[in-house]
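One structure is given below, encoded as C-alpha cells.
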Amino acid sequence: MFDLDGVLVDSEPVWEEVRRAFVAEHGGAWQADTQSRLMGMSTGEWAAYLHELGVRLAPEEIARGVVERMAGRYREEVPLMPGAVAAVRRLSEQVTLGLASSSPRRLIDVVLAAAGLEECFAATVSTEEVARGKPAPDGYLEAARRMEVDPRGCVAVEDSSNGLRSAHAAGMRVIAVPHPRYPPAPDALALAWRVLPGLDALTPESVL
C-alpha cells in the first residue's frame with residue numbers, strides 16, 4: 001500500500017506554498033505548526049481547519065480553490081520523488097499494489113496518469129471517499145477492502161507522522177521513507193517496521 005504525497009510525489013512543499021498563499025490572501029493566519037497538522041487530513045478536514053485559521057470563505061469554497069490551484073501546478077509539472085516510478089513498477093511485477101492517499105481523487109488521477117502508473121494499482125483510495133482522514137485508519141482499511149485482502153497481511157509505505165499512525169492503526173506493517181524536509185515525529189517513526197533512506201531501497205525483498 002503506497003501513500004502518494006511525500007512518498008511518490010514531492011507534493012508537500014507545493015501544498016504548503018499553495019495553502020499558505022491562499023490563507024494569506026483570504027484573511028487567515030498561518031501558524032508555526034499548521035503544515036504538520038495538515039499532513040494526512042482529508043480535503044474536508046483541512047478545508048475546515050483553514051477556515052478556523054481565519055480564511056473568510058466557506059470550507060467548500062476553500063477546498064475548491066486550493067485543489068484548483070494544485071491541479072494547475074500539476075498540469076505544469078508533477079514533482080515525482082526520486083525513484084518513485086521505478087519503485088512502483090519494480091514492486092508491481094511481484095506484489096499487488098494499492099494506494100491510500102489524502103489527496104483529492106482529482107489529483108490522484110492526474111498524478112498517476114502523468115507518471116504512467118495507473119495500471120500498477122489494483123485499488124486507489126482518496127480519504128475524501130471515507131469517513132475520516134489520516135491518522136485514522138479508514139483510507140487504508142478501505143483500500144484493503146477493495147482489494148479483498150486482510151489489512152494485517154499488508155505493508156504500507158509512508159513518510160508522515162499521520163500516515164504512519166494511520167497505516168499502523170489499520171494493522172499493517174509500515175515501512176517509513178521519511179521526507180527530508182518534513183520528517184515524522186519520533187513517536188510516529190517508532191511505529192515503523194522498517195525505515196528506508198529512499199525509494200531506491202524499496203524492493204520486493206524489503207516488503208517480505
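In the C-alpha cells, chains take the letters A, B, ... in the order shown, each chain's residues start at 1, and ligands count up from 1 in the order shown.
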
Those in chain A with alpha helix (DSSP H) from DSSP, as an MDAnalysis selection string: chainID A and resid 12:25 34:38 43:52 59:76 84:92 105:115 138:147 161:169 186:189

Quick one: contact table of segment 54-116 of chain A to segment 145-149 of chain A, 10 Å max, nearest atom pair and distance in Å to one decimal per residue, counting only C-alpha atoms, chain and number order, as JSON lines?
```
{"residue": "A:Thr96", "atom": "CA", "partner": "A:Met147", "partner_atom": "CA", "distance": 8.7}
{"residue": "A:Leu97", "atom": "CA", "partner": "A:Met147", "partner_atom": "CA", "distance": 8.9}
{"residue": "A:Gly98", "atom": "CA", "partner": "A:Met147", "partner_atom": "CA", "distance": 7.5}
```

For the residues in that selection, give me all heavy atoms as a PDB file, in the first residue's frame.
```pdb
ATOM      1  N   THR A  96       0.887  -7.294  -5.334  1.00  0.00           N
ATOM      2  CA  THR A  96      -0.295  -6.493  -5.677  1.00  0.00           C
ATOM      3  C   THR A  96      -0.238  -5.172  -4.922  1.00  0.00           C
ATOM      4  O   THR A  96      -0.020  -5.153  -3.711  1.00  0.00           O
ATOM      5  CB  THR A  96      -1.584  -7.248  -5.305  1.00  0.00           C
ATOM      6  OG1 THR A  96      -1.581  -8.508  -5.971  1.00  0.00           O
ATOM      7  CG2 THR A  96      -2.806  -6.463  -5.734  1.00  0.00           C
ATOM      8  N   LEU A  97      -0.443  -4.086  -5.634  1.00  0.00           N
ATOM      9  CA  LEU A  97      -0.300  -2.761  -5.043  1.00  0.00           C
ATOM     10  C   LEU A  97      -1.633  -2.045  -4.891  1.00  0.00           C
ATOM     11  O   LEU A  97      -2.520  -2.141  -5.735  1.00  0.00           O
ATOM     12  CB  LEU A  97       0.615  -1.880  -5.910  1.00  0.00           C
ATOM     13  CG  LEU A  97       2.044  -2.366  -6.152  1.00  0.00           C
ATOM     14  CD1 LEU A  97       2.804  -1.332  -6.969  1.00  0.00           C
ATOM     15  CD2 LEU A  97       2.754  -2.645  -4.833  1.00  0.00           C
ATOM     16  N   GLY A  98      -1.750  -1.298  -3.782  1.00  0.00           N
ATOM     17  CA  GLY A  98      -2.854  -0.386  -3.571  1.00  0.00           C
ATOM     18  C   GLY A  98      -2.309   0.974  -3.200  1.00  0.00           C
ATOM     19  O   GLY A  98      -1.100   1.132  -2.956  1.00  0.00           O
TER      20      GLY A  98
END
```

Selected residue of minimal separation from Leu53 of chain A among A:Ala144, A:Met39, A:Ala24, A:Met1, counting only C-alpha atoms: A:Ala24

Would you pick out the contacts of segment 13-16 of chain A at 12 Å or less, using only C-alpha atoms, so that residues sharing its chain but fewer than 5 positions from it are not included, and give the list as a ChimeraX atom specification? /A:5-6,21-24,30-40,43,46,50,66-74,77-81,102-103,107,179-182

Å distance separating atom CA of Gly139 of chain A from atom CA of Ala58 of chain A, one decimal place: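 Taking atom CA of Gly139 of chain A as the start and atom CA of Ala58 of chain A as the end point, the length is 25.0 Å.
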
List the neighbours of Ala169 of chain A out to 8 Å using only C-alpha atoms; skip same-chain residues closer than 4 positions along the sequence, and give me the result as number ranges by chain. A: 135-137, 165

Taking N, CA and C atoms for each residue, export the selection above as a PDB file, in the first residue's frame.
```pdb
ATOM      1  N   PRO A 135      -4.797  10.672  10.852  1.00  0.00           N
ATOM      2  CA  PRO A 135      -4.231   9.392  11.279  1.00  0.00           C
ATOM      3  C   PRO A 135      -5.234   8.262  11.513  1.00  0.00           C
ATOM      4  N   ALA A 136      -6.525   8.497  11.262  1.00  0.00           N
ATOM      5  CA  ALA A 136      -7.479   7.392  11.349  1.00  0.00           C
ATOM      6  C   ALA A 136      -7.140   6.355  10.267  1.00  0.00           C
ATOM      7  N   PRO A 137      -7.475   5.104  10.471  1.00  0.00           N
ATOM      8  CA  PRO A 137      -7.080   4.050   9.532  1.00  0.00           C
ATOM      9  C   PRO A 137      -8.003   3.883   8.330  1.00  0.00           C
ATOM     10  N   ARG A 165       0.869   6.652  11.515  1.00  0.00           N
ATOM     11  CA  ARG A 165      -0.142   6.301  12.528  1.00  0.00           C
ATOM     12  C   ARG A 165      -1.352   5.648  11.882  1.00  0.00           C
TER      13      ARG A 165
END
```

Enter the distance from atom CA of Ala143 of chain A to atom CA of Gly83 of chain A, in Å, rounded to one decimal. 23.4 Å

Could you check the closest approach to Val55 of chain A for each of A:Gly27, A:Pro178, A:Pro82, A:Pro186 and tell me which residue wins, using only C-alpha atoms?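 For Val55 of chain A, the nearest of the given residues is A:Gly27.
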
What parts of segment 35-104 of chain A does DSSP call strand (DSSP E or B)? I'd like the answer as an NGL selection string. :A and (80 or 97-101)

Taking 6 positions as the minimum chain separation for residues in the same chain, which residues sit within 8 Å of Pro204 of chain A when counting only C-alpha atoms? Answer as a ChimeraX atom specification. /A:90-91,94-95

Shortest interatomic distance to Val174 of chain A - which of A:Asp3, A:Val85, A:Arg19, A:Ser126, counting only C-alpha atoms: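 Between A:Asp3, A:Val85, A:Arg19, A:Ser126, the residue approaching Val174 of chain A most closely is A:Asp3.
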
From A:Ala123, A:Gly163, A:Leu208, A:Met172, residue lying nearest Leu189 of chain A [only C-alpha atoms]: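 Ranking A:Ala123, A:Gly163, A:Leu208, A:Met172 by distance to Leu189 of chain A, first place goes to A:Gly163.
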
Within 8 Å of Leu202 of chain A using only C-alpha atoms, minus same-chain residues under 5 positions, as an NGL selection string: :A and (87 or 196 or 207)

Selection above as a file: N, CA and C atoms, as a PDB file, in the first residue's frame:
```pdb
ATOM      1  N   ALA A  87      10.284   2.376  -8.491  1.00  0.00           N
ATOM      2  CA  ALA A  87       9.908   1.577  -7.328  1.00  0.00           C
ATOM      3  C   ALA A  87       8.531   0.942  -7.507  1.00  0.00           C
ATOM      4  N   LEU A 196      13.558   3.171   5.603  1.00  0.00           N
ATOM      5  CA  LEU A 196      14.436   3.153   4.440  1.00  0.00           C
ATOM      6  C   LEU A 196      14.877   4.575   4.097  1.00  0.00           C
ATOM      7  N   VAL A 207       9.802  -5.832   1.412  1.00  0.00           N
ATOM      8  CA  VAL A 207       8.438  -5.841   1.934  1.00  0.00           C
ATOM      9  C   VAL A 207       8.010  -7.218   2.413  1.00  0.00           C
TER      10      VAL A 207
END
```

Contacts of Pro59 of chain A within 10 Å, only C-alpha atoms, excl. fewer than 3 positions in-chain, as a compact mmCIF listing (two decimals) with all heavy atoms, in the first residue's frame:
```txt
# COMPACT_ATOMS: atom_id res chain seq x y z
N THR A 43 -9.63 16.20 2.55
CA THR A 43 -9.95 17.51 1.99
C THR A 43 -10.90 18.29 2.88
O THR A 43 -10.67 19.47 3.18
CB THR A 43 -10.56 17.36 0.59
OG1 THR A 43 -9.65 16.61 -0.24
CG2 THR A 43 -10.82 18.71 -0.05
N GLY A 44 -11.96 17.63 3.33
CA GLY A 44 -12.93 18.31 4.18
C GLY A 44 -12.32 18.76 5.50
O GLY A 44 -12.63 19.85 6.00
N GLU A 45 -11.42 17.94 6.03
CA GLU A 45 -10.78 18.27 7.31
C GLU A 45 -9.84 19.46 7.19
O GLU A 45 -9.88 20.38 8.01
CB GLU A 45 -10.04 17.05 7.84
CG GLU A 45 -10.98 15.93 8.32
CD GLU A 45 -10.27 14.61 8.56
OE1 GLU A 45 -9.14 14.42 8.04
OE2 GLU A 45 -10.83 13.75 9.26
N TRP A 46 -8.98 19.47 6.14
CA TRP A 46 -8.05 20.59 6.07
C TRP A 46 -8.74 21.88 5.64
O TRP A 46 -8.33 22.97 6.04
CB TRP A 46 -6.82 20.28 5.23
CG TRP A 46 -6.97 19.95 3.76
CD1 TRP A 46 -6.75 18.74 3.18
CD2 TRP A 46 -7.27 20.84 2.67
NE1 TRP A 46 -6.93 18.81 1.82
CE2 TRP A 46 -7.23 20.08 1.48
CE3 TRP A 46 -7.57 22.20 2.59
CZ2 TRP A 46 -7.50 20.63 0.21
CZ3 TRP A 46 -7.83 22.77 1.34
CH2 TRP A 46 -7.80 21.98 0.17
N ALA A 47 -9.80 21.76 4.84
CA ALA A 47 -10.53 22.97 4.46
C ALA A 47 -11.19 23.60 5.69
O ALA A 47 -11.19 24.83 5.86
CB ALA A 47 -11.58 22.63 3.40
N ALA A 48 -11.75 22.76 6.56
CA ALA A 48 -12.36 23.28 7.80
C ALA A 48 -11.30 23.89 8.70
O ALA A 48 -11.53 24.92 9.35
CB ALA A 48 -13.09 22.14 8.52
N TYR A 49 -10.11 23.27 8.72
CA TYR A 49 -9.04 23.80 9.56
C TYR A 49 -8.56 25.16 9.05
O TYR A 49 -8.33 26.08 9.84
CB TYR A 49 -7.88 22.80 9.59
CG TYR A 49 -6.72 23.26 10.46
CD1 TYR A 49 -6.82 23.24 11.84
CD2 TYR A 49 -5.55 23.73 9.88
CE1 TYR A 49 -5.76 23.66 12.64
CE2 TYR A 49 -4.48 24.16 10.68
CZ TYR A 49 -4.61 24.12 12.05
OH TYR A 49 -3.57 24.55 12.84
N LEU A 50 -8.42 25.31 7.74
CA LEU A 50 -8.02 26.61 7.19
C LEU A 50 -9.08 27.67 7.48
O LEU A 50 -8.75 28.84 7.73
CB LEU A 50 -7.77 26.50 5.69
CG LEU A 50 -6.60 25.61 5.24
CD1 LEU A 50 -6.36 25.77 3.74
CD2 LEU A 50 -5.33 25.91 6.02
N HIS A 51 -10.34 27.27 7.48
CA HIS A 51 -11.41 28.21 7.85
C HIS A 51 -11.23 28.67 9.29
O HIS A 51 -11.42 29.85 9.61
CB HIS A 51 -12.76 27.52 7.65
CG HIS A 51 -13.94 28.38 8.00
ND1 HIS A 51 -14.33 29.46 7.22
CD2 HIS A 51 -14.79 28.34 9.05
CE1 HIS A 51 -15.38 30.04 7.79
NE2 HIS A 51 -15.68 29.37 8.88
N GLU A 52 -10.83 27.73 10.16
CA GLU A 52 -10.61 28.09 11.56
C GLU A 52 -9.42 29.03 11.73
O GLU A 52 -9.35 29.78 12.71
CB GLU A 52 -10.36 26.81 12.39
CG GLU A 52 -11.59 25.92 12.52
CD GLU A 52 -11.27 24.62 13.22
OE1 GLU A 52 -10.12 24.45 13.68
OE2 GLU A 52 -12.17 23.75 13.31
N VAL A 55 -9.67 32.09 7.40
CA VAL A 55 -9.97 32.29 5.99
C VAL A 55 -11.46 32.63 5.84
O VAL A 55 -12.32 31.90 6.33
CB VAL A 55 -9.62 31.02 5.17
CG1 VAL A 55 -10.07 31.18 3.72
CG2 VAL A 55 -8.13 30.75 5.24
N ARG A 56 -11.73 33.73 5.15
CA ARG A 56 -13.10 34.24 5.08
C ARG A 56 -13.88 33.63 3.90
O ARG A 56 -14.47 34.34 3.08
CB ARG A 56 -13.06 35.77 4.96
CG ARG A 56 -12.47 36.46 6.19
CD ARG A 56 -12.61 37.97 6.10
NE ARG A 56 -11.85 38.53 4.99
CZ ARG A 56 -10.61 39.00 5.11
NH1 ARG A 56 -9.99 38.98 6.27
NH2 ARG A 56 -9.99 39.49 4.04
N ILE A 62 -13.04 26.94 0.10
CA ILE A 62 -11.60 26.81 0.36
C ILE A 62 -11.06 25.58 -0.36
O ILE A 62 -10.04 25.64 -1.06
CB ILE A 62 -11.33 26.71 1.87
CG1 ILE A 62 -11.72 28.02 2.57
CG2 ILE A 62 -9.86 26.37 2.13
CD1 ILE A 62 -11.69 27.93 4.08
N ALA A 63 -11.74 24.45 -0.20
CA ALA A 63 -11.29 23.21 -0.83
C ALA A 63 -11.24 23.36 -2.34
O ALA A 63 -10.25 22.98 -2.99
CB ALA A 63 -12.21 22.06 -0.44
N ARG A 64 -12.29 23.92 -2.90
CA ARG A 64 -12.36 24.07 -4.36
C ARG A 64 -11.22 24.96 -4.88
O ARG A 64 -10.57 24.64 -5.87
CB ARG A 64 -13.72 24.65 -4.75
CG ARG A 64 -13.99 24.68 -6.24
CD ARG A 64 -15.48 24.85 -6.53
NE ARG A 64 -16.06 25.97 -5.82
CZ ARG A 64 -16.96 25.85 -4.83
NH1 ARG A 64 -17.36 24.65 -4.45
NH2 ARG A 64 -17.46 26.92 -4.24
N GLY A 65 -10.98 26.07 -4.19
CA GLY A 65 -9.95 27.00 -4.62
C GLY A 65 -8.55 26.42 -4.53
O GLY A 65 -7.74 26.56 -5.45
```

Which distance in Å separates atom CA of Arg194 of chain A and atom CA of Cys154 of chain A, to one decimal?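 Between atom CA of Arg194 of chain A and atom CA of Cys154 of chain A the gap is 13.6 Å.
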